[in-house]
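Shown below: protein-v5.pdb, with PDB, C-alpha atoms.
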ATOM      1  CA  MET A   2       2.094  -0.884  56.058  1.00  0.00           C
ATOM      2  CA  PRO A   3       3.329  -4.276  54.800  1.00  0.00           C
ATOM      3  CA  SER A   4       2.031  -7.491  56.299  1.00  0.00           C
ATOM      4  CA  ASP A   5       2.999 -11.135  55.835  1.00  0.00           C
ATOM      5  CA  ALA A   6       0.719 -11.098  52.776  1.00  0.00           C
ATOM      6  CA  THR A   7       3.138  -8.601  51.182  1.00  0.00           C
ATOM      7  CA  TYR A   8       6.019 -11.054  51.430  1.00  0.00           C
ATOM      8  CA  ALA A   9       6.551 -14.047  49.166  1.00  0.00           C
ATOM      9  CA  TYR A  10       6.860 -16.296  52.228  1.00  0.00           C
ATOM     10  CA  PRO A  11       5.410 -15.875  55.722  1.00  0.00           C
ATOM     11  CA  ALA A  12       7.904 -15.840  58.610  1.00  0.00           C
ATOM     12  CA  ASP A  13       6.820 -19.221  59.962  1.00  0.00           C
ATOM     13  CA  VAL A  14       8.046 -21.199  56.928  1.00  0.00           C
ATOM     14  CA  PHE A  15      11.707 -20.447  57.748  1.00  0.00           C
ATOM     15  CA  GLN A  16      13.860 -22.449  60.121  1.00  0.00           C
ATOM     16  CA  PHE A  17      17.173 -21.165  61.491  1.00  0.00           C
ATOM     17  CA  GLU A  18      19.803 -23.711  62.487  1.00  0.00           C
ATOM     18  CA  PRO A  19      23.053 -22.689  64.158  1.00  0.00           C
ATOM     19  CA  VAL A  20      26.032 -23.558  61.955  1.00  0.00           C
ATOM     20  CA  THR A  21      28.241 -26.411  63.180  1.00  0.00           C
ATOM     21  CA  GLU A  22      31.478 -27.932  61.897  1.00  0.00           C
ATOM     22  CA  ARG A  23      29.488 -30.447  59.857  1.00  0.00           C
ATOM     23  CA  HIS A  24      28.053 -27.590  57.759  1.00  0.00           C
ATOM     24  CA  LEU A  25      31.445 -26.185  56.709  1.00  0.00           C
ATOM     25  CA  PRO A  26      31.918 -28.312  53.549  1.00  0.00           C
ATOM     26  CA  MET A  27      28.473 -27.305  52.290  1.00  0.00           C
ATOM     27  CA  LEU A  28      29.108 -23.647  53.159  1.00  0.00           C
ATOM     28  CA  ARG A  29      32.473 -23.719  51.370  1.00  0.00           C
ATOM     29  CA  GLU A  30      30.719 -25.020  48.253  1.00  0.00           C
ATOM     30  CA  TRP A  31      28.008 -22.337  48.512  1.00  0.00           C
ATOM     31  CA  LEU A  32      30.611 -19.608  49.050  1.00  0.00           C
ATOM     32  CA  SER A  33      32.452 -20.805  45.904  1.00  0.00           C
ATOM     33  CA  ARG A  34      29.476 -20.084  43.648  1.00  0.00           C
ATOM     34  CA  ALA A  35      29.901 -17.129  41.295  1.00  0.00           C
ATOM     35  CA  HIS A  36      26.811 -15.223  42.455  1.00  0.00           C
ATOM     36  CA  VAL A  37      28.097 -15.378  46.063  1.00  0.00           C
ATOM     37  CA  ARG A  38      31.773 -14.683  45.315  1.00  0.00           C
ATOM     38  CA  LYS A  39      30.793 -11.444  43.617  1.00  0.00           C
ATOM     39  CA  TRP A  40      29.801  -9.970  47.005  1.00  0.00           C
ATOM     40  CA  TRP A  41      31.623 -12.056  49.643  1.00  0.00           C
ATOM     41  CA  ASP A  42      35.317 -12.670  50.363  1.00  0.00           C
ATOM     42  CA  ASP A  43      36.980 -15.748  48.935  1.00  0.00           C
ATOM     43  CA  PRO A  44      35.592 -19.014  50.342  1.00  0.00           C
ATOM     44  CA  ASP A  45      38.710 -19.910  52.352  1.00  0.00           C
ATOM     45  CA  THR A  46      38.655 -16.536  54.137  1.00  0.00           C
ATOM     46  CA  GLU A  47      34.925 -16.773  54.848  1.00  0.00           C
ATOM     47  CA  ILE A  48      35.273 -20.338  56.180  1.00  0.00           C
ATOM     48  CA  ARG A  49      38.108 -19.172  58.480  1.00  0.00           C
ATOM     49  CA  TYR A  50      35.794 -16.445  59.801  1.00  0.00           C
ATOM     50  CA  ILE A  51      33.010 -18.971  60.400  1.00  0.00           C
ATOM     51  CA  HIS A  52      35.451 -21.379  62.051  1.00  0.00           C
ATOM     52  CA  ASP A  53      36.488 -18.547  64.401  1.00  0.00           C
ATOM     53  CA  MET A  54      32.804 -17.984  65.197  1.00  0.00           C
ATOM     54  CA  LEU A  55      32.328 -21.655  66.045  1.00  0.00           C
ATOM     55  CA  ALA A  56      35.474 -21.668  68.203  1.00  0.00           C
ATOM     56  CA  GLY A  57      34.297 -18.589  70.142  1.00  0.00           C
ATOM     57  CA  ARG A  58      37.040 -16.278  68.825  1.00  0.00           C
ATOM     58  CA  ASP A  59      34.438 -14.158  67.002  1.00  0.00           C
ATOM     59  CA  SER A  60      31.115 -13.181  68.584  1.00  0.00           C
ATOM     60  CA  THR A  61      29.216 -13.344  65.256  1.00  0.00           C
ATOM     61  CA  ARG A  62      26.357 -15.861  65.293  1.00  0.00           C
ATOM     62  CA  PRO A  63      26.134 -17.976  62.084  1.00  0.00           C
ATOM     63  CA  PHE A  64      22.996 -19.830  60.913  1.00  0.00           C
ATOM     64  CA  LEU A  65      21.727 -21.821  57.983  1.00  0.00           C
ATOM     65  CA  PHE A  66      18.216 -20.943  56.961  1.00  0.00           C
ATOM     66  CA  SER A  67      15.801 -23.402  55.502  1.00  0.00           C
ATOM     67  CA  LEU A  68      12.555 -22.876  53.674  1.00  0.00           C
ATOM     68  CA  GLU A  69      10.090 -25.569  54.662  1.00  0.00           C
ATOM     69  CA  GLY A  70      12.966 -27.909  55.559  1.00  0.00           C
ATOM     70  CA  ASP A  71      15.172 -27.226  52.506  1.00  0.00           C
ATOM     71  CA  ALA A  72      18.493 -25.533  53.434  1.00  0.00           C
ATOM     72  CA  CYS A  73      18.704 -22.616  51.052  1.00  0.00           C
ATOM     73  CA  GLY A  74      21.037 -20.031  52.537  1.00  0.00           C
ATOM     74  CA  TYR A  75      23.360 -18.619  55.141  1.00  0.00           C
ATOM     75  CA  ILE A  76      22.620 -15.760  57.546  1.00  0.00           C
ATOM     76  CA  GLN A  77      24.613 -14.323  60.429  1.00  0.00           C
ATOM     77  CA  TYR A  78      24.352 -11.527  62.916  1.00  0.00           C
ATOM     78  CA  TRP A  79      27.229  -9.621  64.444  1.00  0.00           C
ATOM     79  CA  PHE A  80      27.605  -7.182  67.301  1.00  0.00           C
ATOM     80  CA  VAL A  81      28.606  -3.655  66.286  1.00  0.00           C
ATOM     81  CA  ARG A  82      30.343  -3.031  69.635  1.00  0.00           C
ATOM     82  CA  ASP A  83      32.733  -5.908  68.895  1.00  0.00           C
ATOM     83  CA  ALA A  84      33.584  -4.396  65.501  1.00  0.00           C
ATOM     84  CA  GLN A  85      34.222  -0.905  66.879  1.00  0.00           C
ATOM     85  CA  THR A  86      37.925  -1.575  67.345  1.00  0.00           C
ATOM     86  CA  PRO A  87      40.667   0.717  66.009  1.00  0.00           C
ATOM     87  CA  GLU A  88      41.641  -1.928  63.447  1.00  0.00           C
ATOM     88  CA  TRP A  89      38.100  -2.280  62.049  1.00  0.00           C
ATOM     89  CA  ILE A  90      37.295   1.430  62.230  1.00  0.00           C
ATOM     90  CA  GLU A  91      40.432   2.193  60.205  1.00  0.00           C
ATOM     91  CA  LYS A  92      39.117  -0.099  57.407  1.00  0.00           C
ATOM     92  CA  GLU A  93      35.432   0.706  57.887  1.00  0.00           C
ATOM     93  CA  PRO A  94      35.070   4.170  59.512  1.00  0.00           C
ATOM     94  CA  TRP A  95      31.268   4.015  59.257  1.00  0.00           C
ATOM     95  CA  LEU A  96      31.293   1.578  62.193  1.00  0.00           C
ATOM     96  CA  ALA A  97      32.066   4.506  64.521  1.00  0.00           C
ATOM     97  CA  ARG A  98      28.785   6.173  63.486  1.00  0.00           C
ATOM     98  CA  LEU A  99      26.620   3.288  64.719  1.00  0.00           C
ATOM     99  CA  PRO A 100      25.207   2.740  68.205  1.00  0.00           C
ATOM    100  CA  ARG A 101      27.293   0.279  70.234  1.00  0.00           C
ATOM    101  CA  ASP A 102      24.225  -1.865  70.928  1.00  0.00           C
ATOM    102  CA  ALA A 103      23.374  -2.312  67.230  1.00  0.00           C
ATOM    103  CA  VAL A 104      23.621  -5.670  65.483  1.00  0.00           C
ATOM    104  CA  GLY A 105      24.342  -6.254  61.817  1.00  0.00           C
ATOM    105  CA  ILE A 106      23.063  -8.974  59.494  1.00  0.00           C
ATOM    106  CA  ASP A 107      24.716 -10.599  56.478  1.00  0.00           C
ATOM    107  CA  LEU A 108      23.085 -13.227  54.297  1.00  0.00           C
ATOM    108  CA  THR A 109      23.312 -15.077  51.034  1.00  0.00           C
ATOM    109  CA  ILE A 110      21.064 -17.441  49.138  1.00  0.00           C
ATOM    110  CA  ALA A 111      22.865 -20.622  48.118  1.00  0.00           C
ATOM    111  CA  ASP A 112      21.317 -21.292  44.708  1.00  0.00           C
ATOM    112  CA  GLU A 113      21.335 -18.594  42.059  1.00  0.00           C
ATOM    113  CA  SER A 114      18.093 -20.040  40.669  1.00  0.00           C
ATOM    114  CA  ARG A 115      16.361 -18.982  43.914  1.00  0.00           C
ATOM    115  CA  LEU A 116      17.282 -15.314  43.596  1.00  0.00           C
ATOM    116  CA  SER A 117      14.542 -12.771  42.845  1.00  0.00           C
ATOM    117  CA  GLN A 118      11.796 -15.033  44.222  1.00  0.00           C
ATOM    118  CA  GLY A 119      11.186 -13.119  47.460  1.00  0.00           C
ATOM    119  CA  ILE A 120      13.191 -15.495  49.639  1.00  0.00           C
ATOM    120  CA  GLY A 121      15.822 -12.908  50.617  1.00  0.00           C
ATOM    121  CA  SER A 122      13.390 -10.204  51.700  1.00  0.00           C
ATOM    122  CA  SER A 123      11.143 -12.697  53.467  1.00  0.00           C
ATOM    123  CA  VAL A 124      13.900 -14.472  55.406  1.00  0.00           C
ATOM    124  CA  LEU A 125      15.581 -11.180  56.290  1.00  0.00           C
ATOM    125  CA  ARG A 126      12.350  -9.776  57.698  1.00  0.00           C
ATOM    126  CA  ALA A 127      11.759 -13.001  59.681  1.00  0.00           C
ATOM    127  CA  PHE A 128      15.331 -12.960  61.046  1.00  0.00           C
ATOM    128  CA  ALA A 129      15.166  -9.257  61.946  1.00  0.00           C
ATOM    129  CA  GLN A 130      11.891  -9.943  63.748  1.00  0.00           C
ATOM    130  CA  ARG A 131      13.626 -12.718  65.738  1.00  0.00           C
ATOM    131  CA  LEU A 132      16.418 -10.310  66.678  1.00  0.00           C
ATOM    132  CA  ARG A 133      13.891  -7.692  67.791  1.00  0.00           C
ATOM    133  CA  ASN A 134      12.163 -10.338  69.887  1.00  0.00           C
ATOM    134  CA  LYS A 135      15.563 -10.944  71.574  1.00  0.00           C
ATOM    135  CA  GLY A 136      15.710  -7.238  72.480  1.00  0.00           C
ATOM    136  CA  HIS A 137      17.828  -5.818  69.651  1.00  0.00           C
ATOM    137  CA  GLU A 138      16.391  -2.424  68.731  1.00  0.00           C
ATOM    138  CA  CYS A 139      18.930  -1.246  66.134  1.00  0.00           C
ATOM    139  CA  ILE A 140      19.498  -3.771  63.336  1.00  0.00           C
ATOM    140  CA  ILE A 141      21.578  -2.820  60.329  1.00  0.00           C
ATOM    141  CA  ILE A 142      22.705  -4.347  57.078  1.00  0.00           C
ATOM    142  CA  ASP A 143      25.624  -3.033  55.030  1.00  0.00           C
ATOM    143  CA  PRO A 144      25.442  -3.977  51.344  1.00  0.00           C
ATOM    144  CA  ASP A 145      27.600  -2.729  48.544  1.00  0.00           C
ATOM    145  CA  PRO A 146      25.306  -0.110  46.962  1.00  0.00           C
ATOM    146  CA  ALA A 147      26.142  -1.623  43.547  1.00  0.00           C
ATOM    147  CA  ASN A 148      24.297  -4.783  44.591  1.00  0.00           C
ATOM    148  CA  ALA A 149      20.954  -3.374  43.473  1.00  0.00           C
ATOM    149  CA  ARG A 150      19.125  -6.705  43.770  1.00  0.00           C
ATOM    150  CA  ALA A 151      20.115  -7.023  47.435  1.00  0.00           C
ATOM    151  CA  VAL A 152      19.323  -3.382  48.212  1.00  0.00           C
ATOM    152  CA  ARG A 153      15.815  -3.809  46.744  1.00  0.00           C
ATOM    153  CA  ALA A 154      15.281  -6.991  48.779  1.00  0.00           C
ATOM    154  CA  TYR A 155      16.464  -5.278  51.967  1.00  0.00           C
ATOM    155  CA  GLU A 156      14.126  -2.340  51.370  1.00  0.00           C
ATOM    156  CA  LYS A 157      11.269  -4.762  50.812  1.00  0.00           C
ATOM    157  CA  ALA A 158      12.190  -6.478  54.112  1.00  0.00           C
ATOM    158  CA  GLY A 159      11.771  -3.191  55.977  1.00  0.00           C
ATOM    159  CA  PHE A 160      15.280  -1.700  55.897  1.00  0.00           C
ATOM    160  CA  VAL A 161      15.729   1.996  55.111  1.00  0.00           C
ATOM    161  CA  ARG A 162      18.784   3.740  53.716  1.00  0.00           C
ATOM    162  CA  LYS A 163      20.670   5.681  56.381  1.00  0.00           C
ATOM    163  CA  PHE A 164      23.962   6.721  54.754  1.00  0.00           C
ATOM    164  CA  GLU A 165      26.664   5.692  52.287  1.00  0.00           C
ATOM    165  CA  HIS A 166      30.357   5.584  53.026  1.00  0.00           C
ATOM    166  CA  GLU A 167      33.482   5.198  50.925  1.00  0.00           C
ATOM    167  CA  GLY A 168      36.248   3.394  52.838  1.00  0.00           C
ATOM    168  CA  LEU A 169      39.323   1.260  52.350  1.00  0.00           C
ATOM    169  CA  GLU A 170      37.072  -1.739  51.667  1.00  0.00           C
ATOM    170  CA  GLY A 171      34.984   0.137  49.064  1.00  0.00           C
ATOM    171  CA  ARG A 172      31.530   1.694  49.137  1.00  0.00           C
ATOM    172  CA  THR A 173      29.049   0.654  51.789  1.00  0.00           C
ATOM    173  CA  LEU A 174      25.374   1.489  52.126  1.00  0.00           C
ATOM    174  CA  ILE A 175      24.155   1.407  55.716  1.00  0.00           C
ATOM    175  CA  MET A 176      20.509   0.419  56.053  1.00  0.00           C
ATOM    176  CA  GLU A 177      18.530   0.126  59.287  1.00  0.00           C
ATOM    177  CA  PHE A 178      15.536  -2.079  60.018  1.00  0.00           C
ATOM    178  CA  ASP A 179      12.316  -0.134  60.481  1.00  0.00           C
ATOM    179  CA  LYS A 180       9.670  -2.275  62.180  1.00  0.00           C
ATOM    180  CA  GLU A 181       6.833  -0.070  60.938  1.00  0.00           C
ATOM    181  CA  ARG A 182       8.015  -0.280  57.339  1.00  0.00           C
ATOM    182  CA  ALA A 183       8.241  -4.067  57.810  1.00  0.00           C
ATOM    183  CA  GLY A 184       4.686  -4.126  59.139  1.00  0.00           C
ATOM    184  CA  LEU A 185       5.617  -5.347  62.612  1.00  0.00           C
ATOM    185  CA  PRO A 186       3.760  -4.283  65.746  1.00  0.00           C
ATOM    186  CA  ALA A 187       5.216  -1.403  67.740  1.00  0.00           C
TER     187      ALA A 187
END

Structure re-expressed in structure tokens:
Amino acid sequence: MPSDATYAYPADVFQFEPVTERHLPMLREWLSRAHVRKWWDDPDTEIRYIHDMLAGRDSTRPFLFSLEGDACGYIQYWFVRDAQTPEWIEKEPWLARLPRDAVGIDLTIADESRLSQGIGSSVLRAFAQRLRNKGHECIIIDPDPANARAVRAYEKAGFVRKFEHEGLEGRTLIMEFDKERAGLPA
């Protein structure tokens, strides 16, 4: 079973700060970077989504994450029940297969130079642990299966492959957090 020693960074070196309006220019710049644009929508669309979150029109919870005080990425969690609408299920039918009480996570690392250093798997495990501590039992992440680097990081963080789906938005790999695989106490 993994332990903090297995991860590049222990959970306690990460800070999570709720996103505010003042963060939007920095997030727009991060979302404009080529390594992010490859996997995320265009920056204007993503900023509109985040603005809706801040205004309370979207229940997703957005955060910046910092490593020892240095802001290095964006992470959010969303409620599956709020995405299980006819409109979303038409685009992403896999949503109907998930428990209503599940939450999903999305994240990106701001600087390409910080990829493949263990930050993604470490911060994801720390964030999933925080969500479990808040009472969320089913935590999923839904990468494009072609994003092999992300899939490897998510597996290292304790996520296991559940199923793949081909939908209107493309291929999606559904992975679920497994606390035992992540080395967390039962």

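Residues lying at most 6 Å from (20.1, -7.3, 46.1) in file coordinates, with all atoms listed in the file considered, are Asn148, Ala149, Arg150, Ala151, Val152, Arg153 and Ala154 of chain A.
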
Selected residue of minimal separation from Phe178 in chain A among A:Glu93, A:Glu113, A:Asp71, A:Glu156, counting all atoms listed in the file:
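Closest to Phe178 in chain A, using all atoms listed in the file: A:Glu156.
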
Enumerate, as an mmCIF file with C-alpha atoms, in the frame of the given file, the protein, DNA and RNA residues whose atoms approach (28.7, -9.5, 68.8) to within 9 Å, taking into account all atoms listed in the file and the coordinate frame of the file.
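Below is the file that was written, selection_38.cif:
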data_model
loop_
_atom_site.group_PDB
_atom_site.id
_atom_site.type_symbol
_atom_site.label_atom_id
_atom_site.label_comp_id
_atom_site.auth_asym_id
_atom_site.auth_seq_id
_atom_site.Cartn_x
_atom_site.Cartn_y
_atom_site.Cartn_z
ATOM 1 C CA ASP A 59 34.438 -14.158 67.002
ATOM 2 C CA SER A 60 31.115 -13.181 68.584
ATOM 3 C CA THR A 61 29.216 -13.344 65.256
ATOM 4 C CA ARG A 62 26.357 -15.861 65.293
ATOM 5 C CA TYR A 78 24.352 -11.527 62.916
ATOM 6 C CA TRP A 79 27.229 -9.621 64.444
ATOM 7 C CA PHE A 80 27.605 -7.182 67.301
ATOM 8 C CA VAL A 81 28.606 -3.655 66.286
ATOM 9 C CA ARG A 82 30.343 -3.031 69.635
ATOM 10 C CA ASP A 83 32.733 -5.908 68.895
ATOM 11 C CA ALA A 84 33.584 -4.396 65.501
ATOM 12 C CA VAL A 104 23.621 -5.670 65.483
ATOM 13 C CA GLY A 105 24.342 -6.254 61.817
#

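Against the coordinates shown, the PyMOL selection byres ((chain A and resi 106) around 9) returns A:Ile76, A:Gln77, A:Tyr78, A:Trp79, A:Val104, A:Gly105, A:Asp107, A:Leu108, A:Leu125, A:Phe128, A:Ala129, A:Ile140, A:Ile141, A:Ile142, A:Asp143.
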
Six-sided padding of 3 Å per side, axis-aligned box over range 36-42 of chain A, centre and edges in Å, one decimal, as JSON:
{"center_x": 31.1, "center_y": -12.7, "center_z": 46.4, "size_x": 14.5, "size_y": 11.4, "size_z": 13.9}

Do you know which residues the PyMOL selection byres ((chain A and resi 166) around 12) returns on this file, as a PyMOL selection string?
chain A and resi 92-98+143-146+162-165+167-176

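For the pair CA of His24 in chain A and CA of Arg58 in chain A, the interatomic distance is 18.2 Å.
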
CA of Asp102 in chain A to CA of Arg133 in chain A, distance in Å rounded to a single decimal
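CA of Arg133 in chain A lies at a distance of 12.3 Å from CA of Asp102 in chain A.
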
Identify which of the residues A:Arg131, A:Arg38, A:Arg101, A:Arg126 lies closest to Gly159 in chain A, counting only C-alpha atoms when measuring atom-to-atom distances.
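Closest to Gly159 in chain A, using only C-alpha atoms: A:Arg126.
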
Exactly which residues make up the result of the PyMOL selection byres ((chain A and resi 70) around 12) on this file, given as a PyMOL selection string?
chain A and resi 13-18+65-69+71-74

Counting only C-alpha atoms, the option among A:Gln130, A:Glu30, A:Ala147, A:Val124 closest to Asp179 in chain A:
A:Gln130
